[in-house]
Each structure stands twice: as C-alpha cells, then as structure tokens.
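What follows is a short report on a single structure.
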Amino acid sequence: MTRTYSFLSGASTRGLAGNGAGRKAGMVVLGAVGLALAGCADQSGTGGAAVPSEPKAANSHKIGVLLPLSGPNAALGRELLSGAQLAISEATTGAATAQGQAAGLQMDVHDTAAAGGAAAAATAAAQAGDGIILGPLTAVDTAAAAPAAQAASMPVLAFTSDVNQARPGVWVMGITPEDQVERLVDMARKEGRHRFAAFLPDNPLGHALGNGLLASCRDQGLTPPTIVYHTASTASITQMMRELSAYDTRVADAKSDAGAAPSGTAADPAAPPAADTAANGADKDLPSDLAAALNSGRDAAGASSSGAAAQASGQGAGKTTLAPPPFDALLLGDTGLGLKNVIAALGDSQVSSASVRVMGPGLWAAFASKLGALKGAWYAAPDPSSRQSFVTRFMARNHHMPRPLADLSYDAATVATTVARVAPHGYPVDVLTRQQGFAGVNGPFTLLPDGRARRALGVFEVLGNGGGAKLIVPASTKSAVSG
C-alpha cells in the first residue's frame, strides 16, 4: 500500500533540517536531510478500491506528488518535496491568493518507494482525485506511473531528463542533453560552422547527445553529422579519434605537400601524450578517476598543463602541421578519466581549436576551471545568476542550500499553481503548453505538446588558466522558450 501524506498547502510545515553524510543516489550525491510534515494522514485507498470510471482529474486542482520518501533515495525525495512546497506556499499567499483560484490548493504526496512502487503511487493519486502529478523522480518510475496517470487524465510533470519518457501528457522537466546540443549547434551555425561531428562515450549520455546532434543538424538544415561512439579503452579512443579526424590521410597529404618529407617529421602514431601524468598532491581529495582527468587541465600548474594545451592545439614539438580535420565543430560527451583520454587523443590527432569548435555537455560546468586543455570549448547550461533568488528563498524556509534537483520540483509546482489560477477546472493541455511559458528557477521554459520542456540555456566558453568559464551568449528567452 502506498504511504500517502495529504495536507492543505497552508498547513504548518517544517523544512529540511540540516545535512548529514552524503550518499550516492543515482545521478547525484546528496547529504542526508530530515523533514517533518505536519498534518500527516494516511490517505491511501484500500486494497479493493478501483480507479474511478469517470476520472476526477479533469475538474480537480488537487496536486499529486510522487517521490521516494523512504529507502535509499528518501533524502533526495524530501529535498524535491521541499522545492514543491515552497512554490505552492508562495502561490497561496499575497497577490496570488487575492485571485481566489490558488488559495485552496491541496498537495497529496505519495511514496514511490513503498509497496507497489510508482505504479501503485500513481493509482493512489488517481483514486484520490488528483488533477496533476509532480514527479516521479526517475525514468523507470516515470514509465511505471504513466499508464495509470494517463488513464485518469492526469498530466505528469516528471523530474527525469530522459527524453524517451516524453509523450503527450507526460512532460520531462529535466534539462536534457538534446536541449543542450540544440543550443550549441544553433550558436556554432551562427559562427559559420557547418560540418559537425561527435566523439562520444558508448553509454546512455553519449547516445542522448548523439541523437540530439542528429536531430539538431536535421532541424537546422545542416549536413548529417559524423558520430563515433567509443569504448573506455585508451587505445580505442586514440585509434577511433584518428579515424574520425582522417589523421592518416592528413599525414600523407602533409608529406606529399612537403615533397616526400623524411621519415619522422610527422607525428609518431605511437607517441604518448605530452601531458605530465605524475600524481599531484592537490588531487588527493578528488575521486581518482576525476583527479586523473583534471591533471591535464591545470594551466596554472606549470609544465604538465602547458604540454597538454600544446597538444590540444596541435603545436607539439616535432609534429608536422596537418590540415584541419573534415569537420569544424566537434561534440564531446566524456567526463572524468574518459575526458582525459579524449583530450590526449585530440592532441595526438592534431584536432585544434584553431579550426574546430569543441563543444561538450553542461556537466562540464562543475569542473570548468580544470579544463585548461580545452580552452575555447563551449557548453550550454542555465545562467547561475538566475537561481540566486530561489536559493535565498529556499534557504530562508529550509535553512540549507537547495540541491539542483529541487529546481525541477519548484518549476513543476509553479506550472501547477499558475495553471490553477487561470483554468477554472483541472489542468488543460492548452494552458499547460501556452506560448508564454512559465517562470522557472533557472529561467523561462515552456512545455511542448510532445512532452518535452524547452528551457532557456546560455552558452559558456572555457577560459583556461584556471579561470573557469564565462557566459558568452545569454539565454535567448524568445527562441528558447517558444520552442
């Protein structure tokens, strides 16, 4: 039976109270947090109850929330719940309350980690007459909850970033790899880049980035990109980068242009990267794979980073200068040790920032100051300054810094409260997908009819020399939000 907490949004609640030891929960590492819910009651239906034959969702403004409130992801679930509570609390006070529609909003919370999982939680929400579902957390839970929700005509605002879960009536609220790539391709095209390629890890993130590049090039009238998915092997990465960049052909052309240059003037295919791989004491607090990956990006560390940067720009000593590769924009998707090996392969194959715009995932924002060997590379992400107001309000209520996923639950609850103010009954699709969109934590966004959320993303450029990255193109509200 699903554990359910039902309470009026105006009821007395206490926020999350303090952080404990971190534990890994899927894609993020969170500290343990506590939450006290006032006015809790078991509102789950009895085992023999059936989903109403005539769904109440079409007329209800009751907000169902599906989150893991027990088990290994409980801390994350409670953090997301706090984000949603903040949005609903703000909507039911002040000017919003004066309009009447949002004053009596009720939140109905269901534990997806209880018996029956997300499917049972969604069924319980339908039985309770909820009009919309915020959550669940993961792609697996979203797939499990969607059938019951759709049967009851309840829109779902899921917190996953897996675009495969998007469909009419089920929206993916996370910032997807596909959205990031679309923004990067648009900017690179405006810069005059027309020949795109990708060198990506053979994992779900890599394939999501690759699918995004295929779609973006198609939608923007560009030649289909060349995409290579590599394994984790260093030798494989080196060899596959050479094939993607037509390294052997470029070496042969260089020798021919030089009039049969003596053997040894071209780069030795077996030559190791010039970057110093000696252990650095400053990295002892980092995970071993991340520390290794970041060593090559320490521009300020001296000779080792200088060597890596020289390789990445194709200026290593003893190398014949080669013609540019058969692409002028290259999408990467690695982090950690894989990124270190890819950076070395770029230098080995003389793929230079002088002729190629390197692009990567928004995950690079977390360690942009360590990406010195990729100086000039781009990634797309929200502008951090957009989040400051939310952080201040969240901390005032919950007494700790919000984790990034709390942004999504706040945004989803903002959608629900906004629609409840303007729609007399339920959560109509035409209002959910309104052209003007919604004001989110990280900037404006819209919900598209196919289940995707279009978010405004800025483009950042890696500065090198430990300087992190700078925002070079602010999020374009018109293009990013209108979809």
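In the structure tokens, each chain is lettered A, B, ... as it comes, each chain's residues begin at 1, and ligands are numbered from 1 in order of appearance.
Neighbours of Val172 (chain A) closer than or equal to 7 Å, with only C-alpha atoms counted and sequence neighbours fewer than 5 positions away skipped, come out as Leu157, Ala158, Phe159, Thr160, Ser161, Asp162, Val163, Gln165, Ala166, Gly451, Arg452 and Ala453 of chain A.
With distances restricted to only C-alpha atoms, A:Ile133 is the closest residue to Ser60 (chain A) from A:Arg242, A:Pro168, A:Arg434, A:Ile133.
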Give me the region 321-340 of chain A side of the contact with region 181-195 of chain A, cut-off 10 Å, one line per residue showing its nearest atom pair and distance in Å at one decimal, counting only C-alpha atoms, sorted by chain and residue number, as CSV.
```
residue,atom,partner,partner_atom,distance
A:Pro326,CA,A:Arg195,CA,7.5
A:Phe327,CA,A:Arg195,CA,4.8
A:Asp328,CA,A:Arg195,CA,5.4
A:Ala329,CA,A:Arg193,CA,6.3
A:Leu330,CA,A:Arg195,CA,8.7
A:Leu331,CA,A:Val181,CA,8.4
```
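Here the strand (DSSP E or B) residues in region 368-477 of chain A, by DSSP on the backbone, are Trp378, Tyr379, Ala380, Ala381, Phe438, Ala439, Gly440, Gly443, Pro444, Phe445, Thr446, Leu447, Arg452, Ala453, Arg454, Arg455, Gly458, Val459, Phe460, Glu461, Val462, Ala469, Lys470, Leu471, Ile472 and Val473 of chain A.
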I want to know what sits within 8 Å of Pro155 (chain A), based on only C-alpha atoms, with residues of the same chain fewer than 6 positions away left out; could you give that as a ChimeraX atom specification? /A:131-133,149,169-171,427
Taking 4 positions as the minimum chain separation for residues in the same chain, which residues sit within 12 Å of Gly117 (chain A) when counting only C-alpha atoms? Answer as a VMD selection string. chain A and resid 1 to 3 66 to 71 110 to 113 121 to 124 136 to 138 140 to 145
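Of note, CA of Gly174 (chain A) and CA of Leu105 (chain A) are spaced 24.4 Å apart.
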Could you give me, as JSON lines, every region 228-249 of chain A residue with an atom at most 8 Å from region 349-358 of chain A, plus its closest atom pair and distance in Å to one decimal, counting only C-alpha atoms, rows ordered by chain then number?
```
{"residue": "A:Met241", "atom": "CA", "partner": "A:Ser349", "partner_atom": "CA", "distance": 6.9}
{"residue": "A:Arg242", "atom": "CA", "partner": "A:Ser349", "partner_atom": "CA", "distance": 5.6}
{"residue": "A:Ser245", "atom": "CA", "partner": "A:Ser349", "partner_atom": "CA", "distance": 6.9}
{"residue": "A:Tyr247", "atom": "CA", "partner": "A:Ser349", "partner_atom": "CA", "distance": 5.9}
```
Could the residues in this selection be saved with C-alpha atoms as a PDB file, in the first residue's frame?
```pdb
ATOM      1  CA  MET A 241      39.825   9.669 -32.945  1.00  0.00           C
ATOM      2  CA  ARG A 242      42.415   9.192 -35.679  1.00  0.00           C
ATOM      3  CA  SER A 245      39.749  13.072 -37.903  1.00  0.00           C
ATOM      4  CA  TYR A 247      44.574  11.519 -39.379  1.00  0.00           C
TER       5      TYR A 247
END
```
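Using only C-alpha atoms for every distance, the candidate list A:Val431, A:Val109, A:Ala152, A:Ala114 yields A:Ala152 as the residue closest to Ala126 (chain A).
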Which residues come within 7 Å of Leu200 (chain A), counting only C-alpha atoms, excluding same-chain residues fewer than 5 positions away, as number ranges by chain? A: 206, 228-230, 332-334
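Shortest separation to Met173 (chain A) among A:Thr392, A:Thr414, A:Thr249, A:Asn203 occurs at residue A:Thr414, atoms counted being only C-alpha atoms.
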So that I can see what lies close to Val473 (chain A), please list as a PyMOL selection string the residues with an atom at most 8 Å from it, counting only C-alpha atoms and leaving out residues fewer than 6 positions away in the same chain. chain A and resi 458-460
CA of Asp108 (chain A) and CA of Asp430 (chain A), how far apart in Å? 24.0 Å
Residues at most 8 Å from region 401-404 of chain A, counting only C-alpha atoms, excluding those fewer than 6 positions away in the same chain, as a list in words? Leu30, Glu79, Val391, Phe394 and Met395 of chain A
Using DSSP on the backbone coordinates, identify all residues within region 102-280 of chain A classified as alpha helix (DSSP H); present the result as a PDB file with N, CA and C atoms, in the first residue's frame.
```
ATOM      1  N   GLY A 117       5.473   0.454  -5.612  1.00  0.00           N
ATOM      2  CA  GLY A 117       6.284   1.396  -6.367  1.00  0.00           C
ATOM      3  C   GLY A 117       5.507   2.533  -6.982  1.00  0.00           C
ATOM      4  N   ALA A 118       6.061   3.073  -8.068  1.00  0.00           N
ATOM      5  CA  ALA A 118       5.484   4.259  -8.701  1.00  0.00           C
ATOM      6  C   ALA A 118       4.126   3.974  -9.318  1.00  0.00           C
ATOM      7  N   ALA A 119       3.919   2.753  -9.815  1.00  0.00           N
ATOM      8  CA  ALA A 119       2.623   2.418 -10.418  1.00  0.00           C
ATOM      9  C   ALA A 119       1.515   2.488  -9.380  1.00  0.00           C
ATOM     10  N   ALA A 120       1.776   1.923  -8.182  1.00  0.00           N
ATOM     11  CA  ALA A 120       0.777   1.971  -7.119  1.00  0.00           C
ATOM     12  C   ALA A 120       0.560   3.394  -6.635  1.00  0.00           C
ATOM     13  N   ALA A 121       1.643   4.185  -6.584  1.00  0.00           N
ATOM     14  CA  ALA A 121       1.514   5.577  -6.156  1.00  0.00           C
ATOM     15  C   ALA A 121       0.649   6.365  -7.126  1.00  0.00           C
ATOM     16  N   ALA A 122       0.824   6.142  -8.426  1.00  0.00           N
ATOM     17  CA  ALA A 122       0.012   6.842  -9.417  1.00  0.00           C
ATOM     18  C   ALA A 122      -1.447   6.413  -9.328  1.00  0.00           C
ATOM     19  N   THR A 123      -1.679   5.128  -9.104  1.00  0.00           N
ATOM     20  CA  THR A 123      -3.048   4.643  -8.948  1.00  0.00           C
ATOM     21  C   THR A 123      -3.707   5.273  -7.730  1.00  0.00           C
ATOM     22  N   ALA A 124      -2.950   5.391  -6.626  1.00  0.00           N
ATOM     23  CA  ALA A 124      -3.488   6.029  -5.426  1.00  0.00           C
ATOM     24  C   ALA A 124      -3.812   7.493  -5.675  1.00  0.00           C
ATOM     25  N   ALA A 125      -2.973   8.166  -6.466  1.00  0.00           N
ATOM     26  CA  ALA A 125      -3.246   9.565  -6.794  1.00  0.00           C
ATOM     27  C   ALA A 125      -4.526   9.690  -7.611  1.00  0.00           C
ATOM     28  N   ALA A 126      -4.741   8.747  -8.513  1.00  0.00           N
ATOM     29  CA  ALA A 126      -5.972   8.761  -9.306  1.00  0.00           C
ATOM     30  C   ALA A 126      -7.190   8.518  -8.425  1.00  0.00           C
ATOM     31  N   GLN A 127      -7.052   7.571  -7.501  1.00  0.00           N
ATOM     32  CA  GLN A 127      -8.163   7.285  -6.587  1.00  0.00           C
ATOM     33  C   GLN A 127      -8.484   8.485  -5.703  1.00  0.00           C
ATOM     34  N   ALA A 139      13.470   7.859 -14.659  1.00  0.00           N
ATOM     35  CA  ALA A 139      12.858   7.412 -15.910  1.00  0.00           C
ATOM     36  C   ALA A 139      12.088   6.117 -15.699  1.00  0.00           C
ATOM     37  N   VAL A 140      12.635   5.199 -14.906  1.00  0.00           N
ATOM     38  CA  VAL A 140      11.959   3.918 -14.645  1.00  0.00           C
ATOM     39  C   VAL A 140      10.639   4.153 -13.931  1.00  0.00           C
ATOM     40  N   ASP A 141      10.650   5.002 -12.922  1.00  0.00           N
ATOM     41  CA  ASP A 141       9.414   5.292 -12.202  1.00  0.00           C
ATOM     42  C   ASP A 141       8.417   6.038 -13.077  1.00  0.00           C
ATOM     43  N   THR A 142       8.907   6.898 -13.941  1.00  0.00           N
ATOM     44  CA  THR A 142       8.006   7.612 -14.845  1.00  0.00           C
ATOM     45  C   THR A 142       7.292   6.650 -15.776  1.00  0.00           C
ATOM     46  N   ALA A 143       8.039   5.706 -16.324  1.00  0.00           N
ATOM     47  CA  ALA A 143       7.430   4.702 -17.206  1.00  0.00           C
ATOM     48  C   ALA A 143       6.391   3.876 -16.459  1.00  0.00           C
ATOM     49  N   ALA A 144       6.640   3.590 -15.181  1.00  0.00           N
ATOM     50  CA  ALA A 144       5.706   2.789 -14.398  1.00  0.00           C
ATOM     51  C   ALA A 144       4.448   3.577 -14.029  1.00  0.00           C
ATOM     52  N   ALA A 145       4.599   4.857 -13.762  1.00  0.00           N
ATOM     53  CA  ALA A 145       3.475   5.671 -13.306  1.00  0.00           C
ATOM     54  C   ALA A 145       2.598   6.172 -14.448  1.00  0.00           C
ATOM     55  N   ALA A 146       3.170   6.320 -15.632  1.00  0.00           N
ATOM     56  CA  ALA A 146       2.461   6.976 -16.733  1.00  0.00           C
ATOM     57  C   ALA A 146       1.132   6.303 -17.110  1.00  0.00           C
ATOM     58  N   PRO A 147       1.057   4.961 -17.218  1.00  0.00           N
ATOM     59  CA  PRO A 147      -0.220   4.365 -17.652  1.00  0.00           C
ATOM     60  C   PRO A 147      -1.396   4.724 -16.748  1.00  0.00           C
ATOM     61  N   ALA A 148      -1.224   4.604 -15.424  1.00  0.00           N
ATOM     62  CA  ALA A 148      -2.319   4.924 -14.514  1.00  0.00           C
ATOM     63  C   ALA A 148      -2.675   6.402 -14.574  1.00  0.00           C
ATOM     64  N   ALA A 149      -1.659   7.250 -14.696  1.00  0.00           N
ATOM     65  CA  ALA A 149      -1.913   8.685 -14.761  1.00  0.00           C
ATOM     66  C   ALA A 149      -2.677   9.049 -16.027  1.00  0.00           C
ATOM     67  N   GLN A 150      -2.254   8.496 -17.133  1.00  0.00           N
ATOM     68  CA  GLN A 150      -2.917   8.840 -18.390  1.00  0.00           C
ATOM     69  C   GLN A 150      -4.333   8.275 -18.452  1.00  0.00           C
ATOM     70  N   ALA A 151      -4.537   7.092 -17.854  1.00  0.00           N
ATOM     71  CA  ALA A 151      -5.881   6.523 -17.816  1.00  0.00           C
ATOM     72  C   ALA A 151      -6.835   7.411 -17.028  1.00  0.00           C
ATOM     73  N   PRO A 177      20.057  16.404 -22.483  1.00  0.00           N
ATOM     74  CA  PRO A 177      21.207  16.534 -23.387  1.00  0.00           C
ATOM     75  C   PRO A 177      20.800  17.063 -24.755  1.00  0.00           C
ATOM     76  N   GLU A 178      19.626  16.660 -25.221  1.00  0.00           N
ATOM     77  CA  GLU A 178      19.155  17.110 -26.534  1.00  0.00           C
ATOM     78  C   GLU A 178      18.984  18.627 -26.571  1.00  0.00           C
ATOM     79  N   ASP A 179      18.440  19.202 -25.488  1.00  0.00           N
ATOM     80  CA  ASP A 179      18.285  20.663 -25.417  1.00  0.00           C
ATOM     81  C   ASP A 179      19.636  21.362 -25.459  1.00  0.00           C
ATOM     82  N   GLN A 180      20.603  20.804 -24.730  1.00  0.00           N
ATOM     83  CA  GLN A 180      21.934  21.403 -24.698  1.00  0.00           C
ATOM     84  C   GLN A 180      22.563  21.400 -26.095  1.00  0.00           C
ATOM     85  N   VAL A 181      22.448  20.276 -26.782  1.00  0.00           N
ATOM     86  CA  VAL A 181      23.052  20.165 -28.110  1.00  0.00           C
ATOM     87  C   VAL A 181      22.384  21.113 -29.091  1.00  0.00           C
ATOM     88  N   GLU A 182      21.074  21.210 -29.016  1.00  0.00           N
ATOM     89  CA  GLU A 182      20.362  22.109 -29.927  1.00  0.00           C
ATOM     90  C   GLU A 182      20.868  23.545 -29.785  1.00  0.00           C
ATOM     91  N   ARG A 183      21.084  23.959 -28.549  1.00  0.00           N
ATOM     92  CA  ARG A 183      21.575  25.320 -28.306  1.00  0.00           C
ATOM     93  C   ARG A 183      22.986  25.500 -28.862  1.00  0.00           C
ATOM     94  N   LEU A 184      23.842  24.498 -28.651  1.00  0.00           N
ATOM     95  CA  LEU A 184      25.218  24.589 -29.137  1.00  0.00           C
ATOM     96  C   LEU A 184      25.287  24.598 -30.659  1.00  0.00           C
ATOM     97  N   VAL A 185      24.501  23.749 -31.292  1.00  0.00           N
ATOM     98  CA  VAL A 185      24.508  23.692 -32.758  1.00  0.00           C
ATOM     99  C   VAL A 185      24.029  25.020 -33.336  1.00  0.00           C
ATOM    100  N   ASP A 186      23.001  25.589 -32.724  1.00  0.00           N
ATOM    101  CA  ASP A 186      22.488  26.867 -33.204  1.00  0.00           C
ATOM    102  C   ASP A 186      23.569  27.944 -33.153  1.00  0.00           C
ATOM    103  N   MET A 187      24.312  27.992 -32.031  1.00  0.00           N
ATOM    104  CA  MET A 187      25.352  29.001 -31.898  1.00  0.00           C
ATOM    105  C   MET A 187      26.525  28.729 -32.839  1.00  0.00           C
ATOM    106  N   ALA A 188      26.915  27.467 -32.975  1.00  0.00           N
ATOM    107  CA  ALA A 188      28.029  27.129 -33.866  1.00  0.00           C
ATOM    108  C   ALA A 188      27.669  27.435 -35.319  1.00  0.00           C
ATOM    109  N   ARG A 189      26.431  27.188 -35.685  1.00  0.00           N
ATOM    110  CA  ARG A 189      25.998  27.505 -37.049  1.00  0.00           C
ATOM    111  C   ARG A 189      26.060  29.008 -37.298  1.00  0.00           C
ATOM    112  N   LYS A 190      25.658  29.788 -36.311  1.00  0.00           N
ATOM    113  CA  LYS A 190      25.726  31.242 -36.460  1.00  0.00           C
ATOM    114  C   LYS A 190      27.168  31.736 -36.531  1.00  0.00           C
ATOM    115  N   PRO A 204      24.454   5.752 -22.124  1.00  0.00           N
ATOM    116  CA  PRO A 204      23.195   6.477 -22.361  1.00  0.00           C
ATOM    117  C   PRO A 204      23.372   7.975 -22.603  1.00  0.00           C
ATOM    118  N   LEU A 205      24.270   8.628 -21.849  1.00  0.00           N
ATOM    119  CA  LEU A 205      24.501  10.052 -22.079  1.00  0.00           C
ATOM    120  C   LEU A 205      25.059  10.286 -23.469  1.00  0.00           C
ATOM    121  N   GLY A 206      26.034   9.483 -23.867  1.00  0.00           N
ATOM    122  CA  GLY A 206      26.618   9.640 -25.189  1.00  0.00           C
ATOM    123  C   GLY A 206      25.588   9.500 -26.290  1.00  0.00           C
ATOM    124  N   HIS A 207      24.724   8.506 -26.173  1.00  0.00           N
ATOM    125  CA  HIS A 207      23.715   8.294 -27.214  1.00  0.00           C
ATOM    126  C   HIS A 207      22.650   9.389 -27.198  1.00  0.00           C
ATOM    127  N   ALA A 208      22.324   9.915 -26.027  1.00  0.00           N
ATOM    128  CA  ALA A 208      21.380  11.037 -25.977  1.00  0.00           C
ATOM    129  C   ALA A 208      21.970  12.264 -26.666  1.00  0.00           C
ATOM    130  N   LEU A 209      23.260  12.531 -26.430  1.00  0.00           N
ATOM    131  CA  LEU A 209      23.925  13.642 -27.103  1.00  0.00           C
ATOM    132  C   LEU A 209      23.977  13.406 -28.610  1.00  0.00           C
ATOM    133  N   GLY A 210      24.287  12.169 -29.011  1.00  0.00           N
ATOM    134  CA  GLY A 210      24.349  11.860 -30.435  1.00  0.00           C
ATOM    135  C   GLY A 210      23.003  12.021 -31.114  1.00  0.00           C
ATOM    136  N   ASN A 211      21.943  11.552 -30.468  1.00  0.00           N
ATOM    137  CA  ASN A 211      20.603  11.714 -31.036  1.00  0.00           C
ATOM    138  C   ASN A 211      20.230  13.189 -31.126  1.00  0.00           C
ATOM    139  N   GLY A 212      20.646  13.951 -30.116  1.00  0.00           N
ATOM    140  CA  GLY A 212      20.381  15.381 -30.164  1.00  0.00           C
ATOM    141  C   GLY A 212      21.102  16.067 -31.306  1.00  0.00           C
ATOM    142  N   LEU A 213      22.344  15.634 -31.585  1.00  0.00           N
ATOM    143  CA  LEU A 213      23.093  16.235 -32.687  1.00  0.00           C
ATOM    144  C   LEU A 213      22.462  15.888 -34.026  1.00  0.00           C
ATOM    145  N   LEU A 214      22.040  14.648 -34.191  1.00  0.00           N
ATOM    146  CA  LEU A 214      21.360  14.254 -35.435  1.00  0.00           C
ATOM    147  C   LEU A 214      20.107  15.103 -35.654  1.00  0.00           C
ATOM    148  N   ALA A 215      19.293  15.240 -34.605  1.00  0.00           N
ATOM    149  CA  ALA A 215      18.045  15.996 -34.732  1.00  0.00           C
ATOM    150  C   ALA A 215      18.315  17.474 -34.980  1.00  0.00           C
ATOM    151  N   SER A 216      19.292  18.032 -34.280  1.00  0.00           N
ATOM    152  CA  SER A 216      19.578  19.462 -34.426  1.00  0.00           C
ATOM    153  C   SER A 216      20.101  19.790 -35.812  1.00  0.00           C
ATOM    154  N   CYS A 217      21.004  18.961 -36.331  1.00  0.00           N
ATOM    155  CA  CYS A 217      21.518  19.202 -37.686  1.00  0.00           C
ATOM    156  C   CYS A 217      20.407  19.074 -38.714  1.00  0.00           C
ATOM    157  N   ARG A 218      19.532  18.103 -38.527  1.00  0.00           N
ATOM    158  CA  ARG A 218      18.400  17.947 -39.444  1.00  0.00           C
ATOM    159  C   ARG A 218      17.484  19.154 -39.375  1.00  0.00           C
ATOM    160  N   ASP A 219      17.125  19.555 -38.157  1.00  0.00           N
ATOM    161  CA  ASP A 219      16.173  20.655 -37.999  1.00  0.00           C
ATOM    162  C   ASP A 219      16.732  21.986 -38.482  1.00  0.00           C
ATOM    163  N   THR A 234      41.870   3.250 -23.686  1.00  0.00           N
ATOM    164  CA  THR A 234      42.709   4.349 -24.162  1.00  0.00           C
ATOM    165  C   THR A 234      43.138   4.127 -25.604  1.00  0.00           C
ATOM    166  N   ALA A 235      43.546   2.896 -25.919  1.00  0.00           N
ATOM    167  CA  ALA A 235      43.965   2.592 -27.290  1.00  0.00           C
ATOM    168  C   ALA A 235      42.819   2.783 -28.270  1.00  0.00           C
ATOM    169  N   SER A 236      41.621   2.368 -27.859  1.00  0.00           N
ATOM    170  CA  SER A 236      40.457   2.526 -28.728  1.00  0.00           C
ATOM    171  C   SER A 236      40.144   3.996 -28.960  1.00  0.00           C
ATOM    172  N   ILE A 237      40.214   4.796 -27.896  1.00  0.00           N
ATOM    173  CA  ILE A 237      39.931   6.231 -28.028  1.00  0.00           C
ATOM    174  C   ILE A 237      40.919   6.875 -29.001  1.00  0.00           C
ATOM    175  N   THR A 238      42.203   6.548 -28.855  1.00  0.00           N
ATOM    176  CA  THR A 238      43.226   7.125 -29.730  1.00  0.00           C
ATOM    177  C   THR A 238      42.986   6.732 -31.181  1.00  0.00           C
ATOM    178  N   GLN A 239      42.746   5.435 -31.420  1.00  0.00           N
ATOM    179  CA  GLN A 239      42.567   4.960 -32.784  1.00  0.00           C
ATOM    180  C   GLN A 239      41.288   5.504 -33.419  1.00  0.00           C
ATOM    181  N   MET A 240      40.199   5.528 -32.655  1.00  0.00           N
ATOM    182  CA  MET A 240      38.936   5.987 -33.218  1.00  0.00           C
ATOM    183  C   MET A 240      38.948   7.495 -33.479  1.00  0.00           C
ATOM    184  N   MET A 241      39.683   8.246 -32.665  1.00  0.00           N
ATOM    185  CA  MET A 241      39.825   9.669 -32.945  1.00  0.00           C
ATOM    186  C   MET A 241      40.623   9.893 -34.224  1.00  0.00           C
ATOM    187  N   ARG A 242      41.642   9.077 -34.436  1.00  0.00           N
ATOM    188  CA  ARG A 242      42.415   9.192 -35.679  1.00  0.00           C
ATOM    189  C   ARG A 242      41.533   8.913 -36.888  1.00  0.00           C
ATOM    190  N   GLU A 243      40.670   7.918 -36.771  1.00  0.00           N
ATOM    191  CA  GLU A 243      39.786   7.595 -37.894  1.00  0.00           C
ATOM    192  C   GLU A 243      38.785   8.715 -38.130  1.00  0.00           C
ATOM    193  N   LEU A 244      38.178   9.235 -37.062  1.00  0.00           N
ATOM    194  CA  LEU A 244      37.210  10.315 -37.205  1.00  0.00           C
ATOM    195  C   LEU A 244      37.846  11.550 -37.832  1.00  0.00           C
ATOM    196  N   TYR A 247      43.193  11.197 -39.726  1.00  0.00           N
ATOM    197  CA  TYR A 247      44.574  11.519 -39.379  1.00  0.00           C
ATOM    198  C   TYR A 247      45.569  10.977 -40.402  1.00  0.00           C
ATOM    199  N   ASP A 248      45.455   9.709 -40.782  1.00  0.00           N
ATOM    200  CA  ASP A 248      46.420   9.117 -41.701  1.00  0.00           C
ATOM    201  C   ASP A 248      46.415   9.828 -43.048  1.00  0.00           C
ATOM    202  N   THR A 249      45.240  10.171 -43.522  1.00  0.00           N
ATOM    203  CA  THR A 249      45.142  10.892 -44.793  1.00  0.00           C
ATOM    204  C   THR A 249      45.780  12.268 -44.685  1.00  0.00           C
ATOM    205  N   ARG A 250      45.576  12.932 -43.584  1.00  0.00           N
ATOM    206  CA  ARG A 250      46.160  14.269 -43.390  1.00  0.00           C
ATOM    207  C   ARG A 250      47.689  14.193 -43.290  1.00  0.00           C
ATOM    208  N   VAL A 251      48.183  13.139 -42.634  1.00  0.00           N
ATOM    209  CA  VAL A 251      49.635  12.963 -42.558  1.00  0.00           C
ATOM    210  C   VAL A 251      50.205  12.713 -43.950  1.00  0.00           C
ATOM    211  N   ALA A 252      49.557  11.863 -44.728  1.00  0.00           N
ATOM    212  CA  ALA A 252      50.032  11.569 -46.079  1.00  0.00           C
ATOM    213  C   ALA A 252      50.021  12.822 -46.952  1.00  0.00           C
ATOM    214  N   ASP A 253      48.965  13.610 -46.816  1.00  0.00           N
ATOM    215  CA  ASP A 253      48.885  14.843 -47.590  1.00  0.00           C
ATOM    216  C   ASP A 253      49.997  15.812 -47.195  1.00  0.00           C
ATOM    217  N   ALA A 254      50.278  15.873 -45.890  1.00  0.00           N
ATOM    218  CA  ALA A 254      51.330  16.775 -45.421  1.00  0.00           C
ATOM    219  C   ALA A 254      52.689  16.357 -45.961  1.00  0.00           C
ATOM    220  N   LYS A 255      52.951  15.059 -45.988  1.00  0.00           N
ATOM    221  CA  LYS A 255      54.214  14.569 -46.526  1.00  0.00           C
ATOM    222  C   LYS A 255      54.311  14.845 -48.010  1.00  0.00           C
ATOM    223  N   SER A 256      53.201  14.663 -48.708  1.00  0.00           N
ATOM    224  CA  SER A 256      53.197  14.921 -50.148  1.00  0.00           C
ATOM    225  C   SER A 256      53.448  16.394 -50.427  1.00  0.00           C
ATOM    226  N   ASP A 257      52.799  17.269 -49.642  1.00  0.00           N
ATOM    227  CA  ASP A 257      52.979  18.702 -49.838  1.00  0.00           C
ATOM    228  C   ASP A 257      54.404  19.133 -49.518  1.00  0.00           C
TER     229      ASP A 257
END
```
